[in-house]
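Have a look at entry.txt below; it lists compact mmCIF, C-alpha atoms.
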```
# COMPACT_ATOMS: atom_id res chain seq x y z
CA MET A 1 -63.94 -9.31 6.74
CA ALA A 2 -65.56 -12.76 6.82
CA GLN A 3 -62.24 -14.42 7.69
CA LEU A 4 -61.64 -11.85 10.42
CA GLN A 5 -65.07 -12.50 11.90
CA MET A 6 -64.52 -16.24 11.89
CA THR A 7 -61.07 -15.80 13.48
CA VAL A 8 -62.70 -13.79 16.26
CA ALA A 9 -65.28 -16.57 16.67
CA VAL A 10 -62.54 -19.19 17.01
CA VAL A 11 -60.63 -17.09 19.54
CA ALA A 12 -63.86 -16.54 21.51
CA LEU A 13 -64.42 -20.31 21.72
CA CYS A 14 -60.79 -20.69 22.77
CA LEU A 15 -61.30 -18.21 25.61
CA VAL A 16 -64.39 -20.09 26.79
CA ALA A 17 -62.49 -23.37 26.74
CA ALA A 18 -59.50 -21.92 28.56
CA TYR A 19 -61.46 -20.49 31.48
CA ALA A 20 -64.20 -23.11 31.90
CA ARG A 21 -63.21 -26.11 33.99
CA HIS A 22 -66.45 -27.44 35.47
CA LEU A 23 -70.05 -27.92 34.46
CA PRO A 24 -72.92 -29.26 36.59
CA PRO A 25 -73.57 -32.96 35.90
CA SER A 26 -77.19 -32.13 35.03
CA LEU A 27 -75.96 -30.37 31.89
CA ARG A 28 -74.01 -33.38 30.60
CA ASP A 29 -75.32 -36.07 28.32
CA ASP A 30 -74.28 -39.69 27.89
CA SER A 31 -73.20 -39.55 24.25
CA ASP A 32 -69.79 -40.46 22.86
CA ALA A 33 -68.75 -36.90 23.69
CA ASN A 34 -68.41 -37.91 27.34
CA LEU A 35 -66.62 -41.24 26.92
CA SER A 36 -62.86 -41.60 27.23
CA THR A 37 -60.87 -43.25 24.47
CA PRO A 38 -60.82 -46.71 26.14
CA GLU A 39 -64.52 -46.38 26.93
CA LEU A 40 -65.28 -45.61 23.29
CA ILE A 41 -63.21 -48.58 22.10
CA ALA A 42 -64.91 -50.94 24.54
CA LYS A 43 -68.36 -49.58 23.67
CA TYR A 44 -67.90 -50.63 20.06
CA GLY A 45 -66.76 -54.12 20.92
CA TYR A 46 -62.98 -53.94 20.46
CA PRO A 47 -60.41 -55.17 22.98
CA VAL A 48 -58.63 -52.28 24.71
CA GLU A 49 -55.72 -51.76 27.07
CA THR A 50 -54.43 -48.65 28.83
CA HIS A 51 -50.71 -48.29 29.50
CA THR A 52 -48.71 -45.61 31.32
CA VAL A 53 -45.29 -44.76 29.92
CA LYS A 54 -42.79 -42.66 31.88
CA THR A 55 -40.47 -40.43 29.85
CA SER A 56 -36.83 -39.78 30.67
CA ASP A 57 -37.82 -36.37 32.08
CA GLY A 58 -40.65 -37.68 34.23
CA TYR A 59 -43.85 -37.13 32.21
CA LEU A 60 -46.47 -39.87 32.49
CA LEU A 61 -48.06 -40.65 29.15
CA GLY A 62 -51.33 -42.50 28.70
CA VAL A 63 -51.17 -44.91 25.76
CA HIS A 64 -54.20 -46.84 24.51
CA ARG A 65 -53.94 -50.15 22.69
CA ILE A 66 -56.27 -52.11 20.43
CA PRO A 67 -54.33 -55.39 20.23
CA HIS A 68 -56.52 -56.90 17.48
CA GLY A 69 -59.81 -56.56 15.66
CA LYS A 70 -63.13 -57.91 16.86
CA GLY A 71 -63.40 -61.69 16.87
CA MET A 72 -59.72 -62.24 16.03
CA ASP A 73 -57.44 -64.76 17.75
CA PRO A 74 -55.54 -62.78 20.42
CA SER A 75 -52.66 -65.28 20.42
CA VAL A 76 -51.64 -64.52 16.82
CA PRO A 77 -48.65 -62.14 16.61
CA ARG A 78 -49.40 -58.92 14.73
CA PRO A 79 -47.21 -56.06 13.48
CA ALA A 80 -47.44 -53.09 15.84
CA ILE A 81 -48.12 -49.51 14.81
CA LEU A 82 -47.93 -46.35 16.92
CA VAL A 83 -50.43 -43.70 15.79
CA GLN A 84 -49.76 -40.18 17.07
CA HIS A 85 -52.21 -37.28 17.13
CA GLY A 86 -51.64 -33.64 16.21
CA MET A 87 -52.01 -30.36 18.08
CA MET A 88 -55.12 -29.80 20.22
CA SER A 89 -55.86 -33.50 19.77
CA SER A 90 -55.63 -36.84 21.57
CA SER A 91 -55.95 -40.57 20.96
CA ALA A 92 -59.74 -40.11 20.75
CA ASP A 93 -59.41 -38.64 17.25
CA TRP A 94 -58.45 -42.04 15.85
CA VAL A 95 -61.62 -43.76 17.14
CA ILE A 96 -64.33 -41.10 17.38
CA MET A 97 -65.77 -41.78 13.90
CA GLY A 98 -66.51 -45.37 14.86
CA PRO A 99 -65.88 -48.83 13.34
CA GLY A 100 -65.48 -49.00 9.59
CA THR A 101 -64.45 -45.35 9.34
CA ALA A 102 -62.00 -44.42 12.11
CA PHE A 103 -58.33 -45.12 11.34
CA ALA A 104 -57.60 -47.13 14.50
CA TYR A 105 -60.41 -49.60 13.81
CA VAL A 106 -59.48 -49.90 10.14
CA LEU A 107 -55.92 -50.79 11.18
CA ALA A 108 -57.07 -53.30 13.82
CA ASP A 109 -59.47 -54.97 11.38
CA ALA A 110 -56.63 -55.21 8.85
CA GLY A 111 -54.57 -57.29 11.28
CA TYR A 112 -52.43 -54.74 13.11
CA ASP A 113 -51.66 -54.23 16.79
CA VAL A 114 -52.65 -50.58 17.23
CA TRP A 115 -51.11 -48.27 19.85
CA LEU A 116 -52.54 -44.76 20.25
CA GLY A 117 -50.22 -42.18 21.80
CA ASN A 118 -51.06 -39.08 23.83
CA ALA A 119 -48.44 -36.33 23.91
CA ARG A 120 -47.47 -34.71 27.19
CA GLY A 121 -49.96 -32.14 28.42
CA HIS A 122 -52.75 -33.45 26.20
CA THR A 123 -55.78 -35.42 27.38
CA GLY A 124 -54.57 -38.71 28.83
CA SER A 125 -51.06 -37.44 29.55
CA ARG A 126 -51.56 -34.53 31.94
CA ALA A 127 -49.34 -35.98 34.65
CA HIS A 128 -45.74 -36.04 35.88
CA ALA A 129 -43.76 -38.01 38.44
CA THR A 130 -42.98 -34.87 40.49
CA LEU A 131 -44.40 -31.74 38.80
CA ASP A 132 -47.90 -30.42 39.43
CA PRO A 133 -49.86 -30.05 36.13
CA ASP A 134 -51.30 -26.81 37.49
CA SER A 135 -47.83 -25.28 37.85
CA ALA A 136 -45.94 -23.34 35.20
CA ASP A 137 -42.97 -25.72 35.48
CA PHE A 138 -45.03 -28.60 34.09
CA TRP A 139 -45.70 -26.71 30.84
CA GLN A 140 -42.14 -25.82 29.84
CA PHE A 141 -42.10 -27.83 26.63
CA SER A 142 -42.91 -27.67 22.95
CA TRP A 143 -43.07 -30.42 20.34
CA HIS A 144 -39.27 -30.60 20.50
CA GLU A 145 -39.47 -32.28 23.90
CA MET A 146 -42.22 -34.55 22.60
CA GLY A 147 -39.85 -35.68 19.86
CA VAL A 148 -36.78 -36.27 22.03
CA HIS A 149 -38.56 -37.68 25.11
CA ASP A 150 -42.14 -38.82 24.45
CA LEU A 151 -41.77 -40.77 21.20
CA PRO A 152 -38.59 -42.66 22.18
CA ALA A 153 -40.17 -43.69 25.49
CA VAL A 154 -43.35 -44.97 23.86
CA ILE A 155 -41.52 -46.73 21.02
CA ASP A 156 -39.21 -48.52 23.46
CA TYR A 157 -42.20 -49.49 25.59
CA ILE A 158 -44.10 -50.97 22.64
CA ILE A 159 -41.07 -52.92 21.47
CA GLN A 160 -40.57 -54.31 24.97
CA GLU A 161 -44.25 -55.25 25.34
CA THR A 162 -44.65 -56.85 21.92
CA GLY A 163 -41.21 -58.35 21.34
CA GLU A 164 -41.11 -56.69 17.90
CA GLU A 165 -37.74 -55.40 16.72
CA LYS A 166 -39.37 -52.63 14.67
CA ILE A 167 -42.78 -50.99 14.58
CA PHE A 168 -44.77 -48.89 12.13
CA TYR A 169 -45.50 -45.24 12.86
CA ALA A 170 -48.25 -42.95 11.60
CA GLY A 171 -48.59 -39.35 12.70
CA HIS A 172 -50.92 -36.49 11.89
CA SER A 173 -49.78 -32.86 11.81
CA MET A 174 -47.78 -32.34 15.04
CA GLY A 175 -47.44 -36.11 15.21
CA THR A 176 -45.32 -35.87 12.06
CA THR A 177 -43.28 -32.96 13.44
CA MET A 178 -42.47 -34.96 16.56
CA PHE A 179 -41.17 -37.81 14.44
CA TYR A 180 -38.89 -35.57 12.34
CA VAL A 181 -37.47 -34.14 15.57
CA MET A 182 -36.81 -37.62 16.95
CA GLY A 183 -35.31 -38.93 13.72
CA SER A 184 -32.91 -36.01 13.43
CA GLN A 185 -31.97 -35.65 17.11
CA LEU A 186 -31.89 -39.36 17.97
CA PRO A 187 -31.07 -41.02 14.62
CA GLU A 188 -30.66 -44.44 16.23
CA TYR A 189 -34.45 -44.59 16.54
CA ASN A 190 -34.81 -44.70 12.76
CA ASN A 191 -33.66 -48.33 13.04
CA LYS A 192 -36.70 -49.13 15.20
CA ILE A 193 -39.21 -48.04 12.53
CA ARG A 194 -40.41 -50.28 9.70
CA ALA A 195 -41.98 -47.33 7.87
CA MET A 196 -43.38 -43.94 8.82
CA PHE A 197 -46.60 -42.47 7.37
CA SER A 198 -46.93 -38.69 7.56
CA LEU A 199 -50.53 -37.49 7.37
CA ALA A 200 -50.55 -33.74 6.65
CA PRO A 201 -46.78 -33.36 7.19
CA ILE A 202 -45.70 -30.31 9.19
CA ALA A 203 -42.07 -29.15 9.16
CA PHE A 204 -41.76 -26.11 6.89
CA MET A 205 -44.69 -23.69 7.14
CA SER A 206 -43.89 -20.62 5.05
CA HIS A 207 -46.83 -21.18 2.70
CA MET A 208 -49.56 -22.27 5.10
CA LYS A 209 -52.87 -20.36 4.68
CA SER A 210 -54.62 -20.76 8.03
CA PRO A 211 -55.69 -17.29 9.24
CA LEU A 212 -55.55 -18.31 12.90
CA ILE A 213 -52.03 -19.75 12.74
CA GLN A 214 -50.93 -16.76 10.66
CA LEU A 215 -52.35 -14.50 13.36
CA LEU A 216 -50.29 -16.31 15.99
CA SER A 217 -47.12 -15.89 13.94
CA ASP A 218 -47.85 -12.21 13.14
CA LEU A 219 -48.22 -11.40 16.82
CA GLY A 220 -44.58 -12.38 17.33
CA ASP A 221 -43.37 -11.92 20.91
CA ALA A 222 -46.83 -10.77 21.99
CA VAL A 223 -48.30 -14.20 21.26
CA GLN A 224 -46.82 -15.71 24.43
CA TRP A 225 -48.47 -13.05 26.56
CA LEU A 226 -51.79 -13.57 24.76
CA LEU A 227 -51.77 -17.34 25.02
CA GLU A 228 -50.79 -17.27 28.67
CA LEU A 229 -53.62 -14.82 29.30
CA MET A 230 -56.03 -17.30 27.70
CA GLY A 231 -54.99 -20.35 29.66
CA GLY A 232 -51.87 -19.85 31.70
CA PHE A 233 -49.05 -21.98 30.33
CA GLU A 234 -51.64 -24.57 29.32
CA PHE A 235 -53.38 -23.87 26.01
CA LEU A 236 -56.98 -25.00 25.43
CA PRO A 237 -57.38 -27.72 28.08
CA HIS A 238 -60.35 -30.02 27.61
CA SER A 239 -63.46 -28.32 28.99
CA ASP A 240 -66.83 -29.75 29.96
CA LEU A 241 -68.37 -26.38 29.09
CA LEU A 242 -67.08 -26.51 25.52
CA SER A 243 -68.49 -30.02 25.22
CA TYR A 244 -71.85 -28.72 26.38
CA ILE A 245 -71.65 -25.81 23.93
CA GLY A 246 -70.94 -28.35 21.20
CA GLY A 247 -73.99 -30.37 22.18
CA ALA A 248 -76.25 -27.34 22.35
CA LEU A 249 -75.05 -25.34 19.36
CA CYS A 250 -73.24 -27.71 17.02
CA ASN A 251 -75.55 -30.65 16.47
CA ASP A 252 -76.74 -31.06 12.91
CA GLU A 253 -80.16 -29.53 13.63
CA ALA A 254 -78.92 -26.52 15.62
CA LEU A 255 -79.17 -22.96 14.34
CA PHE A 256 -75.41 -22.44 14.79
CA ALA A 257 -74.22 -25.72 13.24
CA ASP A 258 -72.70 -23.93 10.24
CA VAL A 259 -70.82 -21.54 12.54
CA CYS A 260 -69.20 -24.51 14.32
CA THR A 261 -68.10 -26.21 11.13
CA ASN A 262 -66.92 -22.95 9.53
CA ALA A 263 -64.85 -22.15 12.61
CA ILE A 264 -63.06 -25.48 12.18
CA PHE A 265 -62.68 -24.95 8.43
CA LEU A 266 -61.19 -21.50 8.99
CA VAL A 267 -58.22 -23.09 10.71
CA CYS A 268 -57.76 -26.11 8.47
CA GLY A 269 -59.46 -25.60 5.07
CA PHE A 270 -63.05 -25.82 3.85
CA ASP A 271 -64.66 -29.16 3.01
CA SER A 272 -68.21 -29.74 4.17
CA GLU A 273 -68.55 -32.83 1.96
CA GLN A 274 -66.29 -35.00 4.13
CA LEU A 275 -67.55 -33.86 7.54
CA ASP A 276 -70.50 -35.73 9.04
CA GLN A 277 -72.38 -32.89 10.76
CA SER A 278 -74.06 -35.33 13.14
CA MET A 279 -70.62 -36.13 14.62
CA MET A 280 -69.85 -32.56 15.72
CA VAL A 281 -71.16 -33.11 19.26
CA ALA A 282 -68.93 -36.17 19.73
CA ILE A 283 -65.93 -34.42 18.16
CA LEU A 284 -66.22 -31.34 20.37
CA GLY A 285 -66.43 -33.63 23.38
CA HIS A 286 -62.77 -34.47 22.75
CA VAL A 287 -61.37 -31.39 21.00
CA PRO A 288 -59.52 -29.32 22.11
CA ALA A 289 -57.41 -31.71 24.16
CA GLY A 290 -54.94 -29.25 25.66
CA GLY A 291 -51.25 -28.64 25.20
CA SER A 292 -48.54 -26.14 26.08
CA THR A 293 -48.56 -22.57 24.83
CA MET A 294 -44.99 -23.22 23.70
CA GLU A 295 -46.23 -25.72 21.08
CA TYR A 296 -48.10 -22.94 19.30
CA ILE A 297 -45.40 -20.33 19.78
CA HIS A 298 -42.88 -22.76 18.26
CA TYR A 299 -45.07 -23.24 15.18
CA GLY A 300 -45.49 -19.48 14.88
CA GLN A 301 -41.69 -19.19 14.85
CA GLU A 302 -41.52 -21.73 12.02
CA VAL A 303 -43.95 -19.66 9.93
CA THR A 304 -42.01 -16.45 10.50
CA SER A 305 -38.50 -17.85 10.09
CA GLY A 306 -39.06 -20.17 7.14
CA HIS A 307 -36.87 -22.72 8.94
CA PHE A 308 -37.55 -26.06 10.57
CA ARG A 309 -35.53 -25.52 13.70
CA GLN A 310 -35.45 -25.68 17.47
CA TYR A 311 -37.27 -23.28 19.79
CA ASP A 312 -36.18 -19.64 19.60
CA HIS A 313 -35.67 -18.35 23.15
CA GLY A 314 -34.27 -15.01 21.98
CA ALA A 315 -30.66 -14.19 21.14
CA ILE A 316 -29.32 -14.01 24.69
CA LYS A 317 -30.85 -17.27 25.93
CA ASN A 318 -30.07 -18.94 22.60
CA LEU A 319 -26.39 -18.29 23.30
CA VAL A 320 -26.74 -20.07 26.62
CA VAL A 321 -28.85 -22.99 25.32
CA TYR A 322 -27.39 -23.49 21.83
CA GLY A 323 -24.12 -21.57 21.85
CA GLN A 324 -25.32 -19.41 18.95
CA LEU A 325 -27.66 -16.47 18.39
CA SER A 326 -30.26 -18.42 16.38
CA PRO A 327 -31.69 -21.88 17.05
CA PRO A 328 -30.10 -24.75 15.08
CA ASP A 329 -32.01 -26.31 12.20
CA TYR A 330 -33.07 -29.94 12.42
CA ASP A 331 -30.96 -32.07 10.08
CA LEU A 332 -33.66 -33.95 8.17
CA SER A 333 -31.10 -35.99 6.25
CA LYS A 334 -30.70 -37.99 9.47
CA VAL A 335 -34.35 -39.13 9.25
CA THR A 336 -33.49 -42.40 7.52
CA ALA A 337 -36.59 -44.44 8.34
CA PRO A 338 -38.71 -45.04 5.21
CA VAL A 339 -41.15 -42.11 5.02
CA PHE A 340 -44.39 -41.72 3.04
CA LEU A 341 -45.75 -38.17 2.82
CA HIS A 342 -49.53 -38.01 2.43
CA TYR A 343 -50.73 -34.52 1.58
CA SER A 344 -53.76 -32.79 0.04
CA ASP A 345 -54.62 -29.74 -2.05
CA ASN A 346 -57.00 -28.13 0.44
CA ASP A 347 -54.82 -28.37 3.56
CA TRP A 348 -54.36 -24.85 4.93
CA LEU A 349 -51.57 -25.95 7.29
CA ALA A 350 -49.50 -28.38 5.19
CA ALA A 351 -49.13 -26.63 1.82
CA GLU A 352 -47.86 -28.72 -1.10
CA VAL A 353 -44.84 -26.47 -1.67
CA ASP A 354 -43.80 -26.87 2.00
CA VAL A 355 -44.31 -30.64 1.85
CA THR A 356 -42.18 -30.70 -1.30
CA GLU A 357 -39.37 -28.87 0.51
CA LEU A 358 -39.58 -31.42 3.29
CA SER A 359 -39.46 -34.28 0.78
CA GLN A 360 -36.21 -32.98 -0.68
CA LYS A 361 -34.46 -33.00 2.69
CA LEU A 362 -35.56 -36.30 4.22
CA GLY A 363 -33.00 -39.08 4.28
CA ASN A 364 -35.22 -41.89 2.98
CA LEU A 365 -38.32 -40.61 1.20
CA GLN A 366 -40.42 -43.42 -0.25
CA ALA A 367 -43.17 -41.39 -1.90
CA MET A 368 -45.23 -38.22 -1.89
CA VAL A 369 -48.86 -39.32 -2.11
CA LYS A 370 -51.61 -36.78 -2.82
CA VAL A 371 -55.06 -37.61 -1.45
CA PRO A 372 -57.29 -38.06 -4.53
CA PHE A 373 -59.93 -35.53 -3.46
CA ALA A 374 -59.40 -31.83 -4.15
CA LYS A 375 -61.30 -30.59 -1.07
CA PHE A 376 -59.56 -32.85 1.48
CA ASN A 377 -58.48 -30.63 4.39
CA HIS A 378 -56.23 -30.88 7.42
CA LEU A 379 -58.81 -32.53 9.66
CA ASP A 380 -60.23 -34.85 7.03
CA TYR A 381 -57.22 -37.07 7.80
CA LEU A 382 -59.02 -37.80 11.09
CA TRP A 383 -62.73 -37.44 10.45
CA ALA A 384 -63.44 -37.82 6.73
CA ILE A 385 -66.54 -39.81 5.85
CA ASP A 386 -64.57 -41.55 3.09
CA GLY A 387 -61.31 -41.78 5.05
CA PRO A 388 -60.76 -45.50 4.32
CA LYS A 389 -61.33 -45.15 0.58
CA LEU A 390 -59.39 -41.91 0.15
CA LEU A 391 -56.47 -42.56 2.52
CA TYR A 392 -56.41 -45.42 5.03
CA ASN A 393 -56.60 -48.31 2.58
CA THR A 394 -53.67 -46.80 0.66
CA ILE A 395 -51.61 -46.65 3.85
CA ILE A 396 -52.37 -50.28 4.63
CA GLU A 397 -51.28 -51.26 1.13
CA GLU A 398 -48.00 -49.41 1.76
CA MET A 399 -47.60 -51.13 5.14
CA ASN A 400 -48.07 -54.52 3.56
CA ARG A 401 -44.85 -53.93 1.60
CA TYR A 402 -42.89 -54.08 4.86
```

This structure in structure tokens:
Amino acid sequence: MAQLQMTVAVVALCLVAAYARHLPPSLRDDSDANLSTPELIAKYGYPVETHTVKTSDGYLLGVHRIPHGKGMDPSVPRPAILVQHGMMSSSADWVIMGPGTAFAYVLADAGYDVWLGNARGHTGSRAHATLDPDSADFWQFSWHEMGVHDLPAVIDYIIQETGEEKIFYAGHSMGTTMFYVMGSQLPEYNNKIRAMFSLAPIAFMSHMKSPLIQLLSDLGDAVQWLLELMGGFEFLPHSDLLSYIGGALCNDEALFADVCTNAIFLVCGFDSEQLDQSMMVAILGHVPAGGSTMEYIHYGQEVTSGHFRQYDHGAIKNLVVYGQLSPPDYDLSKVTAPVFLHYSDNDWLAAEVDVTELSQKLGNLQAMVKVPFAKFNHLDYLWAIDGPKLLYNTIIEEMNRY
């Protein structure tokens, strides 16, 4: 019953976010919750650039760059790394925890040229050369299109801008899925990657424990109707009202602070030890960051089918699109870039048994690395208090090998 109640609470917040678009300026504050990613980076004294990358199918992606750490010589060449967010997220997740803790700053201070991607339809990338973002046509994509269009475009852009022949890649959750799609569908791009670091890898999902994601998969064909009812073809766009709710109800002294954190834990796994309650207002200023309903439907199909495969349009349309009744599986043996899988015991979305299945099918697995903290959950990869000690420093050590 408790899980059901919390699921209802999450869905209620989702409905509020989906329908609320505007809030009077008098109800806003001037905290980090209301700063964009480049504004946050500049506020904390790091150099920042904003780039626009056009995909082969016309989407305009906002990419943020921290070319070096504070006080470093800008003329010194540095290895580049593209860091890609997961579902409902944006580039802000890599900087919101601030210097010394957030992954993007840790990388920049370690001597890397850091590029932060924003997937189509998410905050920073809600634009197209010809399509209106408020039209249904704009939202006809899942993470498959992000893998075959978004990532190649951004990788090519970074290589052109930096002169590097290869770059590093780190992705969280959907950011890992996108990479596996790219590596299998466009295997030539494996040669442009020095090494890939999967944080909470998502490909196979048969054993995930998240009640909300399980609900989406159990609804089957009805889920598309439900999600479109909640937000049209756009799922959970960023909302000023939700940011205000976060400020009013989710600060560390508020009566409902535990409800906010438990709602997040219900989706991703419980771990209050690694979440700084005082950061909830800032976090909810940037999450959710939007996306297409098809992203979530596609993941629900993965849970139900037990396969890692392309989008299931139904038997009749599958025949037209794929020439077969069922969608084709992604051939993970074609993902030949060096891959490190970082996983954790308390991740309700990336279960160890599913990560193990993924590891057995990748073309160039380097290591499966378990985070050395039993309560580490799916969002701790982004916001953990001890993120550098538990995860980020290990990744940098692995990067130094290349």

| request: Name the residues, using the chain letters and numbers of the file, that sit within 9 Å of (-51.3, -34.1, 4.7) when counting only C-alpha atoms, and give them as a list in words. | output: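 In the file's frame, the residues around the point are His172, Ser173, Ser198, Leu199, Ala200, Pro201, Ile202, Leu341, His342, Tyr343, Ser344, Asp345, Asp347, Leu349, Ala350, Ala351, Glu352, Val355, Val369, Lys370, Val371, Phe376, Asn377, His378 and Tyr381 of chain A.
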
| Quick one, how far is atom CA of A:Ser89 from atom CA of A:Met174? |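 Between atom CA of A:Ser89 and atom CA of A:Met174 the gap is 9.4 Å.
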
| request: Could you tell me how far atom CA of A:Ser135 lies from atom CA of A:Gly58, in Å and to one decimal? | output: 14.8 Å

| request: Give me the residues within 8 Å of A:Tyr392 as a list of chain:residue names, counting only C-alpha atoms and dropping any in the same chain fewer than 5 places off. | output: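 The neighbour list is A:Phe103, A:Val106, A:Gly387.
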
| request: Enter the distance from atom CA of A:Asp113 to atom CA of A:Ala80, in Å, rounded to one decimal. | output: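 Rounded to one decimal, the two atoms are 4.5 Å apart.
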
| message | Need to verify the contact set: A:Ile167, 8 Å, all atoms listed in the file, exclusion of same-chain residues closer than 2 positions in sequence. Can you return it as a PyMOL selection string? | response | chain A and resi 79-82+155+159+164-165+169+192-195

| said: My list of candidates is A:Gly183, A:Ala92, A:Val53, A:Tyr112. Which is closest to A:Gln160 when distances are computed with all atoms listed in the file? | reply: A:Val53

| request: Can you work out which one of A:Arg78, A:Arg126, A:Lys43, A:His286 has the shortest atom-to-atom distance to A:Trp94, counting all atoms listed in the file? | output: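 That would be A:His286, the residue with the smallest distance to A:Trp94.
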
| said: List as a list in words the protein and nucleic acid residues near A:Ala33, meaning an atom at most 8 Å away when all atoms listed in the file are counted, but skip any in the same chain fewer than 4 places from it. | reply: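 Returned residues: Ser243, Val281, Ala282, Ile283, Leu284, Gly285 and His286 of chain A.
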
| Surrounding residues of A:Val63 excluding itself and chain neighbours under 4 positions, 9 Å, all atoms listed in the file, as a VMD selection string | chain A and resid 49 to 53 91 115 to 118 124 to 125 154

| With all atoms listed in the file as the atoms that count, which of A:Thr101, A:Ser359, A:Ser142, A:Gln274 lies nearest to A:Ala203? |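 Closest candidate: A:Ser359.
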
| task | List the neighbours of stretch 74-76 of chain A out to 12 Å using only C-alpha atoms; skip same-chain residues closer than 5 positions along the sequence, and give me the result as a list in words. | result | Tyr46, Pro47, Val48, Ile66, Pro67, His68, Gly69, Ala108, Gly111, Tyr112, Asp113 and Thr162 of chain A

| When distances are computed from only C-alpha atoms, which of A:Met279, A:Met87, A:Ala315, A:Met97 shows the smallest separation from A:Thr177? |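 The answer is A:Met87, which sits nearest to A:Thr177.
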
| query | Of the candidates A:Lys54, A:Ala102, A:Ala170, A:Pro77, which shows the shortest atom-to-atom distance to A:Pro152, using all atoms listed in the file? | reply |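 Closest candidate: A:Lys54.
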
| Which of these residues is nearest to A:Asp57, using all atoms listed in the file: A:Met178, A:Ala129, A:Ile297, A:Leu275? |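 Ranked by minimum distance to A:Asp57, first place goes to A:Ala129.
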
Taking the structure in the block just given, could you write stretch 173-185 of chain A with N, CA, C and O atoms, as a CSV table (one decimal), in the first residue's frame?
```csv
chain,number,residue,atom,x,y,z
A,173,SER,N,22.2,6.3,-17.4
A,173,SER,CA,20.8,5.8,-17.7
A,173,SER,C,20.5,5.9,-19.2
A,173,SER,O,21.2,5.2,-20.0
A,174,MET,N,19.6,6.7,-19.6
A,174,MET,CA,19.3,6.8,-21.0
A,174,MET,C,20.5,7.2,-21.9
A,174,MET,O,20.6,6.9,-23.0
A,175,GLY,N,21.4,8.0,-21.2
A,175,GLY,CA,22.6,8.3,-21.9
A,175,GLY,C,23.5,7.1,-22.3
A,175,GLY,O,24.3,7.2,-23.3
A,176,THR,N,23.4,6.0,-21.5
A,176,THR,CA,24.0,4.8,-21.9
A,176,THR,C,23.3,4.1,-23.0
A,176,THR,O,23.9,3.6,-24.0
A,177,THR,N,21.9,4.1,-22.9
A,177,THR,CA,21.1,3.4,-23.9
A,177,THR,C,21.4,4.0,-25.3
A,177,THR,O,21.5,3.3,-26.3
A,178,MET,N,21.4,5.4,-25.3
A,178,MET,CA,21.7,6.1,-26.6
A,178,MET,C,23.0,5.6,-27.2
A,178,MET,O,23.1,5.4,-28.4
A,179,PHE,N,24.0,5.4,-26.4
A,179,PHE,CA,25.3,5.0,-26.9
A,179,PHE,C,25.3,3.6,-27.5
A,179,PHE,O,25.9,3.4,-28.5
A,180,TYR,N,24.6,2.7,-26.8
A,180,TYR,CA,24.5,1.3,-27.3
A,180,TYR,C,23.8,1.3,-28.6
A,180,TYR,O,24.1,0.5,-29.5
A,181,VAL,N,22.8,2.1,-28.8
A,181,VAL,CA,22.1,2.2,-30.1
A,181,VAL,C,23.0,2.7,-31.1
A,181,VAL,O,23.1,2.1,-32.2
A,182,MET,N,23.7,3.8,-30.9
A,182,MET,CA,24.7,4.3,-31.8
A,182,MET,C,25.7,3.3,-32.2
A,182,MET,O,26.0,3.1,-33.4
A,183,GLY,N,26.3,2.7,-31.2
A,183,GLY,CA,27.4,1.8,-31.5
A,183,GLY,C,27.0,0.6,-32.3
A,183,GLY,O,27.8,0.0,-33.1
A,184,SER,N,25.7,0.1,-32.1
A,184,SER,CA,25.3,-1.0,-32.9
A,184,SER,C,24.7,-0.6,-34.3
A,184,SER,O,24.9,-1.4,-35.2
A,185,GLN,N,24.1,0.5,-34.4
A,185,GLN,CA,23.5,0.9,-35.6
A,185,GLN,C,24.5,1.7,-36.5
A,185,GLN,O,24.4,1.6,-37.8
```
